[in-house]
Amino acid sequence: MVKAYLRYEPAASFGVIVSNESNIAYDSSGKHLLAPALEKLGVWHVRQGVCTKTLAPESSSRGPSLAVTYVASSPTSSLVACGYADGSVRIWDCDKGSCETTFNDHKGAVTVLRYNEDGSLLASGSKDNDVILYDVVGETGLFRLHGHRDQVTDLVFLDSGKKLVSSSKDKFLRVWDLETQHCMQIVSGHHSEIWSIDVDPEERYLVTGSADPELRFYTVKHDSRDGKSTVNESGAEIGNNGELPTKNKWEVLKHFGEIQRQCKDRVATVRFNKSGNLLACQVAGKTVEVFRVLDEAESQRKAKLRLKRKKKKKSAKEAVETTENMETDHGTEEAGSVPFVTVPDVFVLLQTIRASKKICSISFCPSTPKNSLASLALSLNNNLLEFYSIESADGQKNKNSTESAEIRKTLAIELHGHRADVRSVTLSSDNSLLMSTSHSAVKFWNPSTGSCLRTIDSGYGLCGLIVPQNKYALVGTKDGKIEIIDVGSGTQCEVVEAHGGSVRSIAAIPNENGFVTGSADKDVKFWEYQLKQKPGQDSKRLTISNVRTLKMNNDVQVVAISPDAKYVAVALLDFTVKVFFMDSLKFFLSLYGHRLPVLCMDISSDGELIVTGSADKNLKIWGLDFGDCHKSIFAHADSVEAVQFVRNTHYMFSAGKDRLVKYWDADKFEVLLTLEGHHADVWCLAVSNRGDFVVTGSHDRSIRRWDRTEEPFFIEEEKEKMFEEKFEADIDNALENRYAPKEELPEEGAVALAGKKTQQTLTGTDSIIDALDVAEVELKRIAEHEEEKSRGKVAKFQPNIIMLGLSPSDYVLRALSNINTNDLEQTLLALPFSDALKLLSYTKDWASNFDKVELVCRIVTMLLQTHHGQLISTPSARPILTVLKEIVPARVKECKDTLGFNLAAMNHLQQLMASRSDAVFRDAKARLLKIRSQHSKRLEATTETKSEKRKRKKQKKSTDNMHVWT
């Protein structure tokens with residue numbers, strides 16, 4: 001009989017506040033911060049400092065989990081767009097917590113997302129060098145823009161969403177006209193990759209950041225309604241009667257100047273705040289430079305002062321005659337109404353924020369707090385979120401001066417995760433407590449909920465052990481100490497100088513009052529627990545004492561003790577494992593065969609097997625009775641870091657640097673499951689006593705729990721699924737033509753369809769063809785029945801059960817409606833001409849349905865563009881095209897008129913309501929949000945603790961006493 005096993009599936013992931021590979025962003029209200037945490041998106045309430053919601057795709061036990069690479073929030077709604085490492089884009093509704101739309105159009109990881117001003121368009125850039133425009137309302141891709149020679153790094157909409165500026169690592173800016181879908185302008189001049197761009201809310205200046213030592217600024221030209229070109233006051237030409245010189249006709253961006261940066265690191269992000277009076281420049285280091293953006297009047301005043309100082313300085317030096325002539329010209333310019341404004345006249349360095357660690361991303365809060373210029377959120381590379389308030393020196397919020405500002409740190413979110421990678425995880429005897437160690441802290445978790453219970457500062461913990469009854473815990477550190485921690489109070493009781501080298505392993509002695517440690521100082525020490533009351537303490541506390549020491553001839557990597565406490569196994573740096581008798585410490589066995597040091601090992605509950613995992617990527621299963629190697633398995637693609645048996649079984653789990661966790665049968669020497677989910681090296685794992693769940697810790701700072709389910713599986717089926725996945729991956733490679741030579745793009749770029757051919761689009765094409773075939777057979781049966789009925793042969797017609805009681809036309813429409821809106825174009829592209837002709841014949845019936853007019857227009861347009869040559873040369877297609885020519889435009893006009901009438905009626909109702917009341921008509925939702933925010937601010941102002949009142953009274957009393965004394 002074939003043996004069945006129970007499946008393990010991912011259940012929870014915790015410990016990550018913010019990941020390094022993505023950016024952070026505020027939502028449209030400014031109350032929540034969106035922080036990507038690997039494959040999840042955490043929604044943090046800024047004021048409370050708690051994660052209120054987690055947005056994550058449906059988890060699957062098969063296949064790797066894909067990290068979030070970019071996040072952007074809609075400026076007008078609760079929608080949030082997330083880009084992932086596989087090139088997919090998901091749009092989430094933050095209020096509902098649901099995924100509204102998924103686009104799978106990019107062939108590489110998404111690097112940037114940007115909404116337009118009203119949130120109706122979404123632009124995405126990727127590592128595949130393409131830019132794709134999406135219609136958020138219609139939930140479909142519009143078109144793809146080819147042109148860049150390297151990955152797209154940032155995007156900005158201009159001119160109310162009519163133009164798009166893209167930057168790339170190919171050192172060029174491209175300006176795209178979205179109405180004509182072509183590249184208007186290519187801007188060069190950068191000497192290195194452009195990493196970030198942004199434009200101020202008034203679209204006066206566009207700033208670019210790269211590895212160059214300066215920030216570059218460009219002025220933006222706008223097209224007005226009367227055809228004239230308008231620019232700002234800073235040096236761009238204004239057209240005369242709509243006529244411009246030929247060289248400036250397509251020039252949207254004009255170079256304005258540069259500002260030297262203080263930091264030598266490359267620029268990572270440049271962002272304006274919502275009001276446009278501040279510019280933040282974040283470098284790939286620990287600093288953020290904040291610039292003040294002066295308005296028109298202030299910048300002109302500063303330019304005048306600069307020219308006056310320059311004139312005085314040069315006249316004092318008695319310059320030569322040519323210089324005096326130049327100064328005469330400048331004096332004339334100064335006497336004029338508009339002086340020449342330079343970049344330093346507009347952008348003034350205000351302050352520099354210095355963080356404790358490297359900054360990964362920044363984001364300005366869209367709502368400005370009271371008595372401050374702006375709020376800025378930072379994500380650091382040590383799994384930390386920090387919030388800063390930028391306040392003017394004189395306390396005035398909107399003062400547009402060049403005075404310095406105060407940067408005040410308001411909040412830090414850090415207690416929910418480790419600052420560095422998780423080096424060890426340990427479960428308590430009753431599985432109710434989980435301890436994890438890192439380079440500077442020990443954390444205790446509830447493994448079922450993932451909530452952090454305690455955080456205790458410690459040394460660099462490499463291993464840990466929770467003492468039975470869960471009152472105390474032991475941590476072995478890198479500097480050779482053993483820290484005793486009181487779990488209940490969350491304090492460190494004692495630090496014992498245990499070893500001269502790092503403590504690499506701690507193993508509890510079963511059924512005895514003690515444990516064993518192994519260290520890099522070549523010692524294996526045996527310890528006993530003791531309860532002692534030290535002077536000055538109220539109660540007895542746990543202490544440890546060394547009772548025996550086993551000297552080895554090499555560094556100790558791992559120590560393991562058999563469940564019957566008969567043997568102790570010691571893995572050494574010389575690639576061998578020595579087994580000793582526990583009572584006498586006499587040598588018993590030597591296990592050799594690994595080609596690199598053994599990094600982990602474990603002994604089964606029955607004491608028959610010992611498994612060792614090594615840096616040579618192999619697992620070896622040994623018999624503990626004779627020391628014979630039962631099997632050597634090539635287990636992981638990199639070093640095996642952890643291995644542990646499931647209690648009372650010969651099943652085991654292993655984890656490695658290849659980011660995988662594997663489930664094995666040590667009797668059959670076969671892998672049962674491969675659990676993918678971690679995004680970096682997996683350092684440690686712990687299996688519960690009952691084997692119902694497994695906990696793993698990783699270099700990505702996440703702790704993951706994998707639960708055993710009631711779903712059985714068989715090894716043969718798992719192997720078949722694995723082969724199918726490999727086959728499908730090969731098909732996807734063939735569809736994307738990854739190995740085909742790439743065509744050289746023209747310099748001005750090219751436009752293509754937004755979607756890409758995938759397995760889903762081919763499946764959709766097959767479903768349409770099947771539906772057309774079934775409908776054709778059904779139509780023939782109906783025609784035959786009508787013919788028999790006309791001859792007098794009356795028989796009851798039996799419809800096809802497959803069609804679910806639908807008519808042939810409705811059945812085909814149902815198959816089309818089941819296809820994802822974004823995949824429709826690629827699905828129709830794969831249809832052969834004969835089936836496309838059949839599909840066109842059904843569209844005239846669907847056009848009568850008001851809800852399906854848009855779908856009919858998309859189908860007809862796509863099929864006409866694809867099969868235009870064959871359609872005009874096929875006589876049988878002419879009647880269909882003639883009918884569609886009469887029906888479709890009329891139906892589209894009717895829908896357009898209906899929508900226009902509804903909008904006009906709503907505007908009329910708005911005018912009526914405004915005329916009946918003296919108050920200005922406002923959106924009810926916006927008004928309600930404003931009232932709520934005012935109410936919350938009022939509550940904050942009125943709520944005051946008793947201690948603060950007492951403190952104020954005390955200060956007042958001391959002031960009164962001072963006056964009396966004076």
# chains A, B, ... in the order shown; residues from 1 in each chain; ligands from 1
>>> residues_around(residues="region 684-701 of chain A", least_positions_apart="5", cutoff="8 Å", atoms="only C-alpha atoms", output="count of residues only")
32
>>> select_by_dssp(residues="region 119-329 of chain A", states="strand (DSSP E)", output="MDAnalysis selection string")
chainID A and resid 121:126 131:135 140:146 152:158 163:168 173:177 182:187 194:199 205:210 214:220 222:223 229:230 253:260 267:272 278:283 287:293
>>> closest_residue(among="A:Gln910, A:Leu837, A:Cys51, A:Ala405", to="Ser451 (chain A)", atoms="only C-alpha atoms")
A:Cys51
>>> closest_residue(among="A:Ser78, A:Ser275, A:Ser539, A:Thr517", to="Val568 (chain A)", atoms="only C-alpha atoms")
A:Thr517
>>> closest_residue(among="A:His222, A:Lys566, A:Arg705, A:Arg149", to="Leu434 (chain A)", atoms="only C-alpha atoms")
A:Arg705
>>> residues_around(residues="region 190-197 of chain A", least_positions_apart="5", cutoff="6 Å", atoms="only C-alpha atoms", output="ChimeraX atom specification")
/A:153-154,168-169,171,207-211,268-270
>>> closest_residue(among="A:Val559, A:Leu772, A:Ala303, A:Cys360", to="Glu21 (chain A)", atoms="only C-alpha atoms")
A:Cys360
>>> decode(residues="region 673-711 of chain A", atoms="N, CA and C atoms", output="tab-separated table (two decimals), in the first residue's frame")
chain	number	residue	atom	x	y	z
A	673	LEU	N	8.23	17.26	0.93
A	673	LEU	CA	7.70	18.58	0.58
A	673	LEU	C	8.85	19.58	0.52
A	674	THR	N	8.69	20.57	-0.31
A	674	THR	CA	9.60	21.73	-0.34
A	674	THR	C	8.77	22.97	-0.03
A	675	LEU	N	9.09	23.62	1.07
A	675	LEU	CA	8.32	24.78	1.53
A	675	LEU	C	9.08	26.04	1.14
A	676	GLU	N	8.50	26.81	0.23
A	676	GLU	CA	9.11	28.06	-0.24
A	676	GLU	C	8.35	29.23	0.36
A	677	GLY	N	9.08	30.22	0.80
A	677	GLY	CA	8.43	31.39	1.40
A	677	GLY	C	9.42	32.43	1.86
A	678	HIS	N	10.58	32.00	2.35
A	678	HIS	CA	11.58	32.95	2.82
A	678	HIS	C	12.25	33.65	1.64
A	679	HIS	N	12.71	34.86	1.89
A	679	HIS	CA	13.33	35.67	0.84
A	679	HIS	C	14.84	35.79	1.02
A	680	ALA	N	15.40	35.08	1.99
A	680	ALA	CA	16.85	35.10	2.21
A	680	ALA	C	17.23	33.80	2.92
A	681	ASP	N	18.50	33.70	3.32
A	681	ASP	CA	19.00	32.47	3.95
A	681	ASP	C	18.17	32.12	5.18
A	682	VAL	N	17.85	30.83	5.31
A	682	VAL	CA	17.13	30.34	6.50
A	682	VAL	C	18.18	29.84	7.48
A	683	TRP	N	18.26	30.46	8.66
A	683	TRP	CA	19.31	30.14	9.62
A	683	TRP	C	18.91	29.06	10.61
A	684	CYS	N	17.65	28.97	10.97
A	684	CYS	CA	17.27	28.12	12.09
A	684	CYS	C	15.84	27.63	11.92
A	685	LEU	N	15.50	26.57	12.65
A	685	LEU	CA	14.13	26.05	12.68
A	685	LEU	C	13.89	25.37	14.01
A	686	ALA	N	12.63	25.23	14.36
A	686	ALA	CA	12.21	24.53	15.58
A	686	ALA	C	10.91	23.81	15.28
A	687	VAL	N	10.84	22.54	15.67
A	687	VAL	CA	9.65	21.72	15.44
A	687	VAL	C	8.93	21.54	16.77
A	688	SER	N	7.62	21.68	16.76
A	688	SER	CA	6.84	21.52	17.99
A	688	SER	C	6.89	20.07	18.47
A	689	ASN	N	6.57	19.87	19.74
A	689	ASN	CA	6.64	18.52	20.33
A	689	ASN	C	5.70	17.55	19.63
A	690	ARG	N	4.55	18.02	19.24
A	690	ARG	CA	3.57	17.15	18.57
A	690	ARG	C	3.77	17.11	17.06
A	691	GLY	N	4.66	17.93	16.56
A	691	GLY	CA	4.90	17.96	15.13
A	691	GLY	C	3.81	18.63	14.34
A	692	ASP	N	2.93	19.41	15.01
A	692	ASP	CA	1.81	20.02	14.31
A	692	ASP	C	2.19	21.33	13.64
A	693	PHE	N	3.36	21.89	13.99
A	693	PHE	CA	3.81	23.08	13.27
A	693	PHE	C	5.33	23.18	13.38
A	694	VAL	N	5.90	23.97	12.46
A	694	VAL	CA	7.33	24.21	12.40
A	694	VAL	C	7.54	25.73	12.34
A	695	VAL	N	8.56	26.21	13.03
A	695	VAL	CA	8.89	27.63	13.03
A	695	VAL	C	10.30	27.79	12.45
A	696	THR	N	10.46	28.74	11.53
A	696	THR	CA	11.76	28.99	10.91
A	696	THR	C	12.12	30.46	11.03
A	697	GLY	N	13.42	30.74	11.15
A	697	GLY	CA	13.93	32.11	11.21
A	697	GLY	C	14.93	32.33	10.10
A	698	SER	N	14.98	33.56	9.57
A	698	SER	CA	15.75	33.79	8.36
A	698	SER	C	16.53	35.09	8.42
A	699	HIS	N	17.42	35.22	7.44
A	699	HIS	CA	18.19	36.45	7.26
A	699	HIS	C	17.30	37.61	6.82
A	700	ASP	N	16.10	37.32	6.29
A	700	ASP	CA	15.18	38.39	5.90
A	700	ASP	C	14.41	38.96	7.09
A	701	ARG	N	14.82	38.55	8.32
A	701	ARG	CA	14.26	39.03	9.60
A	701	ARG	C	12.85	38.52	9.88
A	702	SER	N	12.35	37.63	9.06
A	702	SER	CA	11.01	37.12	9.28
A	702	SER	C	11.06	35.79	10.03
A	703	ILE	N	10.02	35.55	10.79
A	703	ILE	CA	9.80	34.27	11.45
A	703	ILE	C	8.52	33.70	10.86
A	704	ARG	N	8.58	32.50	10.34
A	704	ARG	CA	7.43	31.90	9.67
A	704	ARG	C	7.01	30.62	10.36
A	705	ARG	N	5.70	30.43	10.40
A	705	ARG	CA	5.14	29.21	10.98
A	705	ARG	C	4.46	28.40	9.88
A	706	TRP	N	4.76	27.11	9.84
A	706	TRP	CA	4.18	26.20	8.85
A	706	TRP	C	3.36	25.17	9.62
A	707	ASP	N	2.07	25.10	9.33
A	707	ASP	CA	1.16	24.22	10.07
A	707	ASP	C	0.91	22.93	9.31
A	708	ARG	N	0.77	21.85	10.08
A	708	ARG	CA	0.38	20.57	9.48
A	708	ARG	C	-1.13	20.55	9.29
A	709	THR	N	-1.57	20.19	8.11
A	709	THR	CA	-2.99	20.15	7.80
A	709	THR	C	-3.49	18.69	7.81
A	710	GLU	N	-4.77	18.55	7.58
A	710	GLU	CA	-5.37	17.21	7.50
A	710	GLU	C	-5.38	16.68	6.07
A	711	GLU	N	-4.79	17.44	5.16
A	711	GLU	CA	-4.78	17.02	3.76
A	711	GLU	C	-3.67	16.01	3.51
